[in-house]
Amino acid sequence: MPDKPLRVLSIGNSFSASVCRQLPPMAAAEGRALGYACLFIGGCPLRLHAENLGKSAADPSFRPYRAMCSGFPAGEGLDGEFPASSNELLARGDWDVVTVQQASHESWDYANYQPFGHAVVEAVRRACPRAEVVIQQTWAYRADDDRLRPGGAWGFGQAGMFERLSDAYDRFAADEGVARQIPTGVAVQLTRIREKAPFVPYETADLARYRWPDLPPQAGDVVGRLGWRRNWDTGEMEIGRDTIHLNERGEYLQALVWFGLLFGADPTAVSYVSPHVGDADARFLRECARDALVQGGAL
(Lines give C-alpha, C1' and ligand atoms only; values in the text may rest on other atoms or scores of the structure.)
Protein backbone atom coordinates (compact mmCIF):
# COMPACT_ATOMS: atom_id res chain seq x y z
CA MET A 1 0.00 0.00 0.00
CA PRO A 2 1.42 3.43 -0.88
CA ASP A 3 2.53 5.63 2.02
CA LYS A 4 0.73 8.77 0.84
CA PRO A 5 -3.06 8.42 0.64
CA LEU A 6 -5.22 9.99 -2.02
CA ARG A 7 -6.66 12.97 -0.16
CA VAL A 8 -10.31 13.73 -0.84
CA LEU A 9 -12.49 16.45 0.71
CA SER A 10 -16.26 16.68 0.20
CA ILE A 11 -18.12 19.93 0.78
CA GLY A 12 -21.54 18.39 1.01
CA ASN A 13 -24.41 17.04 3.04
CA SER A 14 -25.95 13.68 3.88
CA PHE A 15 -25.58 12.57 0.24
CA SER A 16 -21.79 12.73 0.68
CA ALA A 17 -21.76 11.66 4.33
CA SER A 18 -23.04 8.26 3.19
CA VAL A 19 -19.72 7.81 1.37
CA CYS A 20 -18.06 7.51 4.78
CA ARG A 21 -19.76 4.19 5.52
CA GLN A 22 -18.53 1.96 2.71
CA LEU A 23 -15.78 3.72 0.73
CA PRO A 24 -13.04 3.69 3.43
CA PRO A 25 -13.37 -0.04 4.18
CA MET A 26 -13.61 -0.78 0.46
CA ALA A 27 -10.43 1.17 -0.28
CA ALA A 28 -8.60 -0.56 2.58
CA ALA A 29 -9.73 -4.00 1.44
CA GLU A 30 -8.59 -3.28 -2.11
CA GLY A 31 -5.17 -2.06 -0.97
CA ARG A 32 -5.74 1.62 -1.81
CA ALA A 33 -4.66 4.40 0.54
CA LEU A 34 -7.44 6.95 0.96
CA GLY A 35 -7.83 9.92 3.28
CA TYR A 36 -11.44 11.04 3.14
CA ALA A 37 -12.94 14.07 4.87
CA CYS A 38 -16.57 15.10 4.55
CA LEU A 39 -17.91 18.47 5.65
CA PHE A 40 -21.48 17.73 6.64
CA ILE A 41 -24.63 19.78 7.20
CA GLY A 42 -27.85 17.89 6.56
CA GLY A 43 -29.66 19.14 3.45
CA CYS A 44 -27.05 21.83 2.82
CA PRO A 45 -27.47 23.51 -0.62
CA LEU A 46 -24.82 25.36 -2.61
CA ARG A 47 -26.37 28.63 -1.46
CA LEU A 48 -25.60 27.86 2.19
CA HIS A 49 -22.11 26.53 1.39
CA ALA A 50 -21.36 29.87 -0.29
CA GLU A 51 -22.74 31.80 2.69
CA ASN A 52 -20.70 29.72 5.12
CA LEU A 53 -17.48 30.46 3.24
CA GLY A 54 -18.09 34.19 3.71
CA LYS A 55 -19.09 33.89 7.35
CA SER A 56 -16.13 31.75 8.37
CA ALA A 57 -13.74 34.06 6.49
CA ALA A 58 -15.03 36.96 8.59
CA ASP A 59 -15.18 34.93 11.82
CA PRO A 60 -12.74 31.99 12.09
CA SER A 61 -14.62 30.71 15.14
CA PHE A 62 -17.67 30.06 12.94
CA ARG A 63 -17.56 26.30 12.35
CA PRO A 64 -20.97 25.21 11.09
CA TYR A 65 -19.94 21.81 9.72
CA ARG A 66 -19.31 18.45 11.27
CA ALA A 67 -16.11 17.12 9.71
CA MET A 68 -16.01 13.33 9.38
CA CYS A 69 -12.52 12.07 8.62
CA SER A 70 -10.74 8.75 8.14
CA GLY A 71 -7.53 7.39 6.69
CA PHE A 72 -5.20 10.33 7.29
CA PRO A 73 -1.70 10.00 8.78
CA ALA A 74 -1.52 10.39 12.54
CA GLY A 75 -0.68 13.86 13.81
CA GLU A 76 -2.60 15.84 11.19
CA GLY A 77 -5.62 16.38 13.39
CA LEU A 78 -7.87 14.89 10.73
CA ASP A 79 -9.24 12.13 12.92
CA GLY A 80 -12.83 11.18 13.66
CA GLU A 81 -15.46 13.90 13.90
CA PHE A 82 -15.13 17.54 14.96
CA PRO A 83 -16.64 20.98 14.25
CA ALA A 84 -15.04 22.71 11.27
CA SER A 85 -15.41 25.37 8.59
CA SER A 86 -14.86 24.85 4.88
CA ASN A 87 -12.20 27.58 4.81
CA GLU A 88 -10.36 25.86 7.65
CA LEU A 89 -10.16 22.47 5.96
CA LEU A 90 -9.42 23.88 2.52
CA ALA A 91 -6.51 25.82 3.97
CA ARG A 92 -4.99 22.97 5.97
CA GLY A 93 -5.24 20.09 3.52
CA ASP A 94 -3.05 19.16 0.58
CA TRP A 95 -6.13 17.91 -1.22
CA ASP A 96 -5.98 15.90 -4.44
CA VAL A 97 -9.73 16.01 -5.05
CA VAL A 98 -12.46 18.28 -3.67
CA THR A 99 -16.05 17.27 -4.39
CA VAL A 100 -19.08 19.52 -4.42
CA GLN A 101 -22.77 18.83 -5.01
CA GLN A 102 -26.18 20.41 -4.79
CA ALA A 103 -28.72 19.57 -2.10
CA SER A 104 -31.02 16.88 -3.46
CA HIS A 105 -34.25 18.85 -3.05
CA GLU A 106 -32.78 21.69 -5.16
CA SER A 107 -30.84 19.51 -7.60
CA TRP A 108 -33.44 19.42 -10.36
CA ASP A 109 -33.67 23.18 -10.97
CA TYR A 110 -30.56 24.94 -12.26
CA ALA A 111 -31.87 28.25 -10.96
CA ASN A 112 -30.82 26.96 -7.52
CA TYR A 113 -27.18 26.43 -8.55
CA GLN A 114 -25.91 29.86 -9.45
CA PRO A 115 -24.26 32.14 -8.49
CA PHE A 116 -23.66 30.06 -5.36
CA GLY A 117 -22.04 27.10 -7.09
CA HIS A 118 -19.57 29.38 -8.86
CA ALA A 119 -18.62 30.98 -5.54
CA VAL A 120 -17.93 27.58 -3.97
CA VAL A 121 -15.91 26.27 -6.91
CA GLU A 122 -13.85 29.44 -7.14
CA ALA A 123 -13.14 29.36 -3.40
CA VAL A 124 -11.88 25.78 -3.75
CA ARG A 125 -9.66 26.69 -6.68
CA ARG A 126 -8.17 29.69 -4.89
CA ALA A 127 -7.41 27.74 -1.73
CA CYS A 128 -6.30 24.50 -3.42
CA PRO A 129 -5.01 25.30 -6.91
CA ARG A 130 -3.55 21.81 -7.39
CA ALA A 131 -6.76 19.98 -6.40
CA GLU A 132 -9.21 18.66 -8.96
CA VAL A 133 -12.75 19.85 -8.45
CA VAL A 134 -15.18 16.98 -9.02
CA ILE A 135 -18.98 17.12 -8.87
CA GLN A 136 -21.01 14.31 -7.35
CA GLN A 137 -24.22 13.85 -9.30
CA THR A 138 -26.90 13.05 -6.72
CA TRP A 139 -29.93 10.84 -7.38
CA ALA A 140 -33.68 10.82 -7.81
CA TYR A 141 -35.82 9.93 -4.82
CA ARG A 142 -37.65 6.65 -4.37
CA ALA A 143 -41.02 6.52 -6.12
CA ASP A 144 -42.97 6.59 -2.83
CA ASP A 145 -41.83 10.15 -2.11
CA ASP A 146 -45.02 12.20 -2.00
CA ARG A 147 -43.50 14.94 -4.16
CA LEU A 148 -43.02 12.44 -6.99
CA ARG A 149 -46.39 10.69 -6.83
CA PRO A 150 -49.12 11.58 -9.35
CA GLY A 151 -50.47 14.96 -8.31
CA GLY A 152 -47.36 15.61 -6.17
CA ALA A 153 -45.99 19.06 -5.42
CA TRP A 154 -43.24 18.92 -8.02
CA GLY A 155 -45.42 17.91 -10.95
CA PHE A 156 -43.16 15.11 -12.19
CA GLY A 157 -42.19 11.59 -11.20
CA GLN A 158 -38.94 9.81 -10.48
CA ALA A 159 -37.83 9.71 -14.13
CA GLY A 160 -38.59 13.41 -14.45
CA MET A 161 -36.50 14.21 -11.38
CA PHE A 162 -33.58 12.19 -12.74
CA GLU A 163 -33.74 13.86 -16.16
CA ARG A 164 -33.86 17.33 -14.64
CA LEU A 165 -31.07 16.82 -12.13
CA SER A 166 -28.87 15.20 -14.79
CA ASP A 167 -29.32 18.21 -17.07
CA ALA A 168 -28.66 20.61 -14.18
CA TYR A 169 -25.45 18.86 -13.09
CA ASP A 170 -24.20 18.73 -16.70
CA ARG A 171 -24.83 22.46 -17.05
CA PHE A 172 -23.13 23.16 -13.71
CA ALA A 173 -20.06 21.17 -14.77
CA ALA A 174 -19.91 22.90 -18.15
CA ASP A 175 -20.33 26.39 -16.68
CA GLU A 176 -17.60 25.80 -14.09
CA GLY A 177 -15.18 23.93 -16.35
CA VAL A 178 -15.38 20.78 -14.20
CA ALA A 179 -14.21 17.82 -16.26
CA ARG A 180 -15.50 14.93 -14.17
CA GLN A 181 -18.67 14.00 -12.36
CA ILE A 182 -19.16 11.07 -9.99
CA PRO A 183 -22.24 9.52 -11.62
CA THR A 184 -23.95 8.20 -8.51
CA GLY A 185 -27.35 9.26 -9.83
CA VAL A 186 -26.82 7.38 -13.09
CA ALA A 187 -25.80 4.24 -11.18
CA VAL A 188 -28.91 4.46 -8.99
CA GLN A 189 -31.14 4.84 -12.04
CA LEU A 190 -29.47 1.90 -13.81
CA THR A 191 -30.31 -0.37 -10.88
CA ARG A 192 -33.94 0.70 -11.15
CA ILE A 193 -34.05 -0.02 -14.86
CA ARG A 194 -32.41 -3.43 -14.46
CA GLU A 195 -34.10 -4.70 -11.29
CA LYS A 196 -35.96 -7.93 -12.09
CA ALA A 197 -38.51 -7.13 -9.38
CA PRO A 198 -38.46 -3.33 -8.99
CA PHE A 199 -39.87 -1.47 -6.03
CA VAL A 200 -43.62 -0.85 -6.23
CA PRO A 201 -44.90 2.14 -4.22
CA TYR A 202 -47.48 1.41 -1.54
CA GLU A 203 -50.50 3.61 -0.97
CA THR A 204 -49.64 6.19 1.67
CA ALA A 205 -53.09 5.87 3.20
CA ASP A 206 -52.49 2.14 3.75
CA LEU A 207 -49.71 2.81 6.25
CA ALA A 208 -52.34 3.32 8.95
CA ARG A 209 -53.38 -0.32 8.78
CA TYR A 210 -49.92 -1.68 9.61
CA ARG A 211 -49.09 -2.74 13.16
CA TRP A 212 -45.61 -3.06 14.63
CA PRO A 213 -43.38 -4.67 13.42
CA ASP A 214 -44.97 -5.10 9.96
CA LEU A 215 -44.00 -2.83 7.07
CA PRO A 216 -44.88 -2.54 3.36
CA PRO A 217 -42.51 -4.39 0.99
CA GLN A 218 -39.35 -2.36 0.33
CA ALA A 219 -37.25 -4.58 -1.92
CA GLY A 220 -36.13 -3.45 -5.35
CA ASP A 221 -34.53 -0.03 -4.79
CA VAL A 222 -31.18 1.21 -3.48
CA VAL A 223 -32.84 4.32 -2.02
CA GLY A 224 -35.14 4.56 0.97
CA ARG A 225 -36.12 2.74 4.12
CA LEU A 226 -39.16 2.50 6.34
CA GLY A 227 -39.00 1.84 10.06
CA TRP A 228 -40.96 2.08 13.26
CA ARG A 229 -40.36 4.89 15.74
CA ARG A 230 -42.07 6.35 18.77
CA ASN A 231 -44.03 9.55 18.30
CA TRP A 232 -43.13 11.44 21.47
CA ASP A 233 -46.12 13.76 21.15
CA THR A 234 -48.74 10.99 20.99
CA GLY A 235 -46.78 8.30 22.82
CA GLU A 236 -47.59 5.81 20.04
CA MET A 237 -45.46 3.91 17.55
CA GLU A 238 -45.61 5.06 13.93
CA ILE A 239 -43.90 4.29 10.63
CA GLY A 240 -41.11 6.70 9.71
CA ARG A 241 -40.36 7.12 6.03
CA ASP A 242 -37.05 7.97 4.39
CA THR A 243 -37.58 8.15 0.64
CA ILE A 244 -34.44 10.08 -0.27
CA HIS A 245 -31.30 8.57 1.28
CA LEU A 246 -29.41 5.51 0.13
CA ASN A 247 -30.08 2.32 2.04
CA GLU A 248 -27.35 -0.28 2.70
CA ARG A 249 -27.43 -1.51 -0.90
CA GLY A 250 -27.21 2.05 -2.14
CA GLU A 251 -24.28 2.92 0.10
CA TYR A 252 -22.35 -0.02 -1.34
CA LEU A 253 -23.25 1.11 -4.88
CA GLN A 254 -22.16 4.67 -4.13
CA ALA A 255 -18.83 3.47 -2.76
CA LEU A 256 -18.24 1.41 -5.91
CA VAL A 257 -18.86 4.43 -8.13
CA TRP A 258 -16.59 6.67 -6.05
CA PHE A 259 -13.89 4.01 -5.86
CA GLY A 260 -13.97 3.49 -9.61
CA LEU A 261 -13.67 7.18 -10.41
CA LEU A 262 -11.10 8.10 -7.77
CA PHE A 263 -8.76 5.21 -8.50
CA GLY A 264 -9.49 4.65 -12.18
CA ALA A 265 -10.58 1.11 -11.34
CA ASP A 266 -13.23 -1.17 -12.80
CA PRO A 267 -15.79 -1.76 -10.01
CA THR A 268 -16.51 -5.27 -11.28
CA ALA A 269 -12.98 -6.21 -10.14
CA VAL A 270 -13.65 -5.09 -6.55
CA SER A 271 -13.55 -8.04 -4.18
CA TYR A 272 -14.87 -6.21 -1.11
CA VAL A 273 -18.52 -6.92 -0.34
CA SER A 274 -20.56 -4.96 2.17
CA PRO A 275 -21.72 -7.04 5.15
CA HIS A 276 -25.26 -5.89 4.28
CA VAL A 277 -25.22 -7.15 0.66
CA GLY A 278 -25.32 -10.70 -0.70
CA ASP A 279 -22.82 -11.95 -3.27
CA ALA A 280 -25.25 -12.09 -6.21
CA ASP A 281 -26.57 -8.62 -5.45
CA ALA A 282 -23.01 -7.33 -5.08
CA ARG A 283 -22.23 -8.54 -8.61
CA PHE A 284 -25.34 -6.77 -9.89
CA LEU A 285 -24.41 -3.52 -8.14
CA ARG A 286 -20.79 -3.70 -9.32
CA GLU A 287 -21.98 -4.02 -12.92
CA CYS A 288 -24.30 -1.03 -12.56
CA ALA A 289 -21.48 1.03 -11.04
CA ARG A 290 -19.11 0.12 -13.88
CA ASP A 291 -21.68 0.92 -16.56
CA ALA A 292 -22.47 4.28 -14.97
CA LEU A 293 -18.77 5.16 -15.06
CA VAL A 294 -18.47 3.99 -18.67
CA GLN A 295 -21.56 5.99 -19.64
CA GLY A 296 -20.03 9.08 -18.04
CA GLY A 297 -16.66 8.58 -19.73
CA ALA A 298 -14.83 7.87 -16.47
CA LEU A 299 -13.74 4.37 -17.57
# chains A, B, ... in the order shown; residues from 1 in each chain; ligands from 1
>>> select_by_dssp(residues="stretch 48-139 of chain A", states="alpha helix (DSSP H)", output="number ranges by chain")
A: 48-58, 86-92, 116-127
>>> write_last_selection(atoms="N, CA and C atoms", output="short mmCIF file (atom, residue, chain, number, x, y, z; two decimals), in the first residue's frame")
data_model
loop_
_atom_site.label_atom_id
_atom_site.label_comp_id
_atom_site.auth_asym_id
_atom_site.auth_seq_id
_atom_site.Cartn_x
_atom_site.Cartn_y
_atom_site.Cartn_z
N LEU A 48 -26.08 27.78 0.82
CA LEU A 48 -25.60 27.86 2.19
C LEU A 48 -24.10 27.60 2.27
N HIS A 49 -23.57 26.73 1.42
CA HIS A 49 -22.11 26.53 1.39
C HIS A 49 -21.41 27.85 1.06
N ALA A 50 -21.95 28.58 0.09
CA ALA A 50 -21.36 29.87 -0.29
C ALA A 50 -21.45 30.86 0.87
N GLU A 51 -22.59 30.90 1.54
CA GLU A 51 -22.74 31.80 2.69
C GLU A 51 -21.76 31.44 3.81
N ASN A 52 -21.59 30.16 4.05
CA ASN A 52 -20.70 29.72 5.12
C ASN A 52 -19.24 30.08 4.85
N LEU A 53 -18.84 30.05 3.58
CA LEU A 53 -17.48 30.46 3.24
C LEU A 53 -17.25 31.92 3.64
N GLY A 54 -18.23 32.78 3.34
CA GLY A 54 -18.09 34.19 3.71
C GLY A 54 -18.11 34.41 5.20
N LYS A 55 -18.98 33.71 5.90
CA LYS A 55 -19.09 33.89 7.35
C LYS A 55 -17.84 33.41 8.08
N SER A 56 -17.31 32.27 7.67
CA SER A 56 -16.13 31.75 8.37
C SER A 56 -14.87 32.53 8.01
N ALA A 57 -14.86 33.18 6.82
CA ALA A 57 -13.74 34.06 6.49
C ALA A 57 -13.74 35.29 7.40
N ALA A 58 -14.93 35.79 7.71
CA ALA A 58 -15.03 36.96 8.59
C ALA A 58 -14.87 36.59 10.06
N SER A 86 -15.41 25.24 6.18
CA SER A 86 -14.86 24.85 4.88
C SER A 86 -13.54 25.58 4.61
N ASN A 87 -13.45 26.86 4.99
CA ASN A 87 -12.20 27.58 4.81
C ASN A 87 -11.06 26.91 5.58
N GLU A 88 -11.36 26.48 6.78
CA GLU A 88 -10.36 25.86 7.65
C GLU A 88 -9.79 24.59 7.02
N LEU A 89 -10.66 23.71 6.53
CA LEU A 89 -10.16 22.47 5.96
C LEU A 89 -9.52 22.68 4.59
N LEU A 90 -10.05 23.59 3.81
CA LEU A 90 -9.42 23.88 2.52
C LEU A 90 -8.00 24.40 2.71
N ALA A 91 -7.81 25.21 3.74
CA ALA A 91 -6.51 25.82 3.97
C ALA A 91 -5.49 24.83 4.52
N ARG A 92 -5.93 23.85 5.29
CA ARG A 92 -4.99 22.97 5.97
C ARG A 92 -4.64 21.72 5.19
N PHE A 116 -24.25 30.67 -6.55
CA PHE A 116 -23.66 30.06 -5.36
C PHE A 116 -22.63 28.99 -5.71
N GLY A 117 -22.97 28.16 -6.70
CA GLY A 117 -22.04 27.10 -7.09
C GLY A 117 -20.72 27.66 -7.60
N HIS A 118 -20.80 28.76 -8.35
CA HIS A 118 -19.57 29.38 -8.86
C HIS A 118 -18.72 29.89 -7.70
N ALA A 119 -19.36 30.47 -6.70
CA ALA A 119 -18.62 30.98 -5.54
C ALA A 119 -17.90 29.86 -4.81
N VAL A 120 -18.55 28.71 -4.66
CA VAL A 120 -17.93 27.58 -3.97
C VAL A 120 -16.77 27.03 -4.79
N VAL A 121 -16.98 26.82 -6.07
CA VAL A 121 -15.91 26.27 -6.91
C VAL A 121 -14.72 27.21 -6.97
N GLU A 122 -14.95 28.49 -7.10
CA GLU A 122 -13.85 29.44 -7.14
C GLU A 122 -13.10 29.49 -5.82
N ALA A 123 -13.81 29.38 -4.70
CA ALA A 123 -13.14 29.36 -3.40
C ALA A 123 -12.24 28.14 -3.28
N VAL A 124 -12.70 27.00 -3.77
CA VAL A 124 -11.88 25.78 -3.75
C VAL A 124 -10.63 25.97 -4.60
N ARG A 125 -10.79 26.53 -5.77
CA ARG A 125 -9.66 26.69 -6.68
C ARG A 125 -8.64 27.70 -6.16
N ARG A 126 -9.11 28.73 -5.47
CA ARG A 126 -8.17 29.69 -4.89
C ARG A 126 -7.37 29.06 -3.75
N ALA A 127 -8.07 28.32 -2.90
CA ALA A 127 -7.41 27.74 -1.73
C ALA A 127 -6.56 26.53 -2.08
#
>>> closest_atom_pairs(of="stretch 222-262 of chain A", to="stretch 151-175 of chain A", cutoff="12 Å", atoms="only C-alpha atoms", output="CSV")
residue,atom,partner,partner_atom,distance
A:Val223,CA,A:Gln158,CA,11.8
A:Thr243,CA,A:Gln158,CA,11.3
A:Ile244,CA,A:Gln158,CA,11.2
>>> write_last_selection(atoms="C-alpha atoms", output="PDB file, in the first residue's frame")
ATOM      1  CA  VAL A 223     -32.837   4.320  -2.020  1.00  0.00           C
ATOM      2  CA  THR A 243     -37.584   8.153   0.641  1.00  0.00           C
ATOM      3  CA  ILE A 244     -34.436  10.083  -0.271  1.00  0.00           C
TER       4      ILE A 244
END
>>> select_by_dssp(residues="stretch 150-249 of chain A", states="strand (DSSP E)", output="PyMOL selection string")
chain A and resi 181-182+223-231+236-246
>>> atom_distance(atom1="atom CA of A:Ser14", atom2="atom CA of A:Asp279")
26.8 Å
>>> closest_atom_pairs(of="stretch 245-299 of chain A", to="stretch 93-107 of chain A", cutoff="12 Å", atoms="only C-alpha atoms", output="JSON lines")
{"residue": "A:His245", "atom": "CA", "partner": "A:Ser104", "partner_atom": "CA", "distance": 9.6}
{"residue": "A:Trp258", "atom": "CA", "partner": "A:Thr99", "partner_atom": "CA", "distance": 10.7}
{"residue": "A:Leu261", "atom": "CA", "partner": "A:Val97", "partner_atom": "CA", "distance": 11.1}
{"residue": "A:Leu262", "atom": "CA", "partner": "A:Val97", "partner_atom": "CA", "distance": 8.5}
{"residue": "A:Phe263", "atom": "CA", "partner": "A:Val97", "partner_atom": "CA", "distance": 11.4}
>>> residues_around(residues="A:Gln254", least_positions_apart="3", cutoff="10 Å", atoms="only C-alpha atoms", output="mmCIF file with N, CA and C atoms, in the first residue's frame")
data_model
loop_
_atom_site.group_PDB
_atom_site.id
_atom_site.type_symbol
_atom_site.label_atom_id
_atom_site.label_comp_id
_atom_site.auth_asym_id
_atom_site.auth_seq_id
_atom_site.Cartn_x
_atom_site.Cartn_y
_atom_site.Cartn_z
ATOM 1 N N PHE A 15 -25.800 13.361 1.448
ATOM 2 C CA PHE A 15 -25.578 12.569 0.244
ATOM 3 C C PHE A 15 -24.087 12.359 -0.040
ATOM 4 N N SER A 16 -23.229 13.046 0.706
ATOM 5 C CA SER A 16 -21.795 12.728 0.680
ATOM 6 C C SER A 16 -21.372 12.054 1.977
ATOM 7 N N SER A 18 -22.850 9.695 3.371
ATOM 8 C CA SER A 18 -23.040 8.256 3.191
ATOM 9 C C SER A 18 -21.821 7.584 2.577
ATOM 10 N N VAL A 19 -20.962 8.360 1.921
ATOM 11 C CA VAL A 19 -19.720 7.806 1.370
ATOM 12 C C VAL A 19 -18.827 7.278 2.484
ATOM 13 N N ARG A 21 -19.427 5.502 4.952
ATOM 14 C CA ARG A 21 -19.758 4.195 5.523
ATOM 15 C C ARG A 21 -19.106 3.038 4.773
ATOM 16 N N GLN A 22 -19.026 3.109 3.459
ATOM 17 C CA GLN A 22 -18.532 1.959 2.709
ATOM 18 C C GLN A 22 -17.258 2.222 1.902
ATOM 19 N N LEU A 23 -16.978 3.475 1.528
ATOM 20 C CA LEU A 23 -15.778 3.724 0.727
ATOM 21 C C LEU A 23 -14.484 3.471 1.493
ATOM 22 N N THR A 138 -26.028 13.730 -7.676
ATOM 23 C CA THR A 138 -26.898 13.053 -6.721
ATOM 24 C C THR A 138 -27.995 12.303 -7.477
ATOM 25 N N ILE A 182 -18.972 12.407 -10.561
ATOM 26 C CA ILE A 182 -19.155 11.075 -9.988
ATOM 27 C C ILE A 182 -20.614 10.705 -10.254
ATOM 28 N N PRO A 183 -20.876 9.742 -11.144
ATOM 29 C CA PRO A 183 -22.244 9.519 -11.624
ATOM 30 C C PRO A 183 -23.075 8.623 -10.707
ATOM 31 N N THR A 184 -23.165 9.004 -9.440
ATOM 32 C CA THR A 184 -23.955 8.200 -8.509
ATOM 33 C C THR A 184 -25.411 8.132 -8.953
ATOM 34 N N GLY A 185 -25.958 9.249 -9.397
ATOM 35 C CA GLY A 185 -27.351 9.263 -9.828
ATOM 36 C C GLY A 185 -27.615 8.345 -11.000
ATOM 37 N N ALA A 187 -25.892 5.608 -11.697
ATOM 38 C CA ALA A 187 -25.805 4.242 -11.185
ATOM 39 C C ALA A 187 -27.099 3.841 -10.481
ATOM 40 N N VAL A 188 -27.645 4.742 -9.668
ATOM 41 C CA VAL A 188 -28.911 4.458 -8.991
ATOM 42 C C VAL A 188 -30.006 4.185 -10.011
ATOM 43 N N VAL A 222 -32.367 0.933 -4.299
ATOM 44 C CA VAL A 222 -31.178 1.212 -3.480
ATOM 45 C C VAL A 222 -31.358 2.474 -2.653
ATOM 46 N N LEU A 246 -29.795 6.859 0.509
ATOM 47 C CA LEU A 246 -29.407 5.509 0.126
ATOM 48 C C LEU A 246 -29.593 4.564 1.306
ATOM 49 N N GLU A 248 -28.632 0.432 2.643
ATOM 50 C CA GLU A 248 -27.349 -0.276 2.702
ATOM 51 C C GLU A 248 -26.876 -0.713 1.323
ATOM 52 N N ARG A 249 -27.801 -1.149 0.474
ATOM 53 C CA ARG A 249 -27.426 -1.510 -0.904
ATOM 54 C C ARG A 249 -26.910 -0.274 -1.644
ATOM 55 N N GLY A 250 -27.597 0.826 -1.454
ATOM 56 C CA GLY A 250 -27.207 2.050 -2.142
ATOM 57 C C GLY A 250 -25.870 2.590 -1.687
ATOM 58 N N GLU A 251 -25.574 2.458 -0.397
ATOM 59 C CA GLU A 251 -24.276 2.920 0.099
ATOM 60 C C GLU A 251 -23.137 2.103 -0.500
ATOM 61 N N VAL A 257 -18.981 3.372 -7.121
ATOM 62 C CA VAL A 257 -18.857 4.431 -8.126
ATOM 63 C C VAL A 257 -17.719 5.376 -7.756
ATOM 64 N N TRP A 258 -17.671 5.787 -6.502
ATOM 65 C CA TRP A 258 -16.591 6.669 -6.053
ATOM 66 C C TRP A 258 -15.232 5.979 -6.192
ATOM 67 N N PHE A 259 -15.146 4.740 -5.769
ATOM 68 C CA PHE A 259 -13.890 4.009 -5.856
ATOM 69 C C PHE A 259 -13.416 3.928 -7.302
ATOM 70 N N GLY A 260 -14.337 3.601 -8.207
ATOM 71 C CA GLY A 260 -13.967 3.485 -9.612
ATOM 72 C C GLY A 260 -13.454 4.783 -10.190
ATOM 73 N N LEU A 285 -24.723 -4.908 -8.449
ATOM 74 C CA LEU A 285 -24.406 -3.521 -8.139
ATOM 75 C C LEU A 285 -23.055 -3.112 -8.725
ATOM 76 N N ARG A 286 -22.086 -4.018 -8.715
ATOM 77 C CA ARG A 286 -20.785 -3.703 -9.322
ATOM 78 C C ARG A 286 -20.929 -3.438 -10.816
ATOM 79 N N ALA A 289 -22.471 -0.003 -11.315
ATOM 80 C CA ALA A 289 -21.476 1.033 -11.039
ATOM 81 C C ALA A 289 -20.518 1.188 -12.219
#
>>> residues_around(residues="A:Gly240", least_positions_apart="4", cutoff="10 Å", atoms="only C-alpha atoms", output="VMD selection string")
chain A and resid 225 to 231
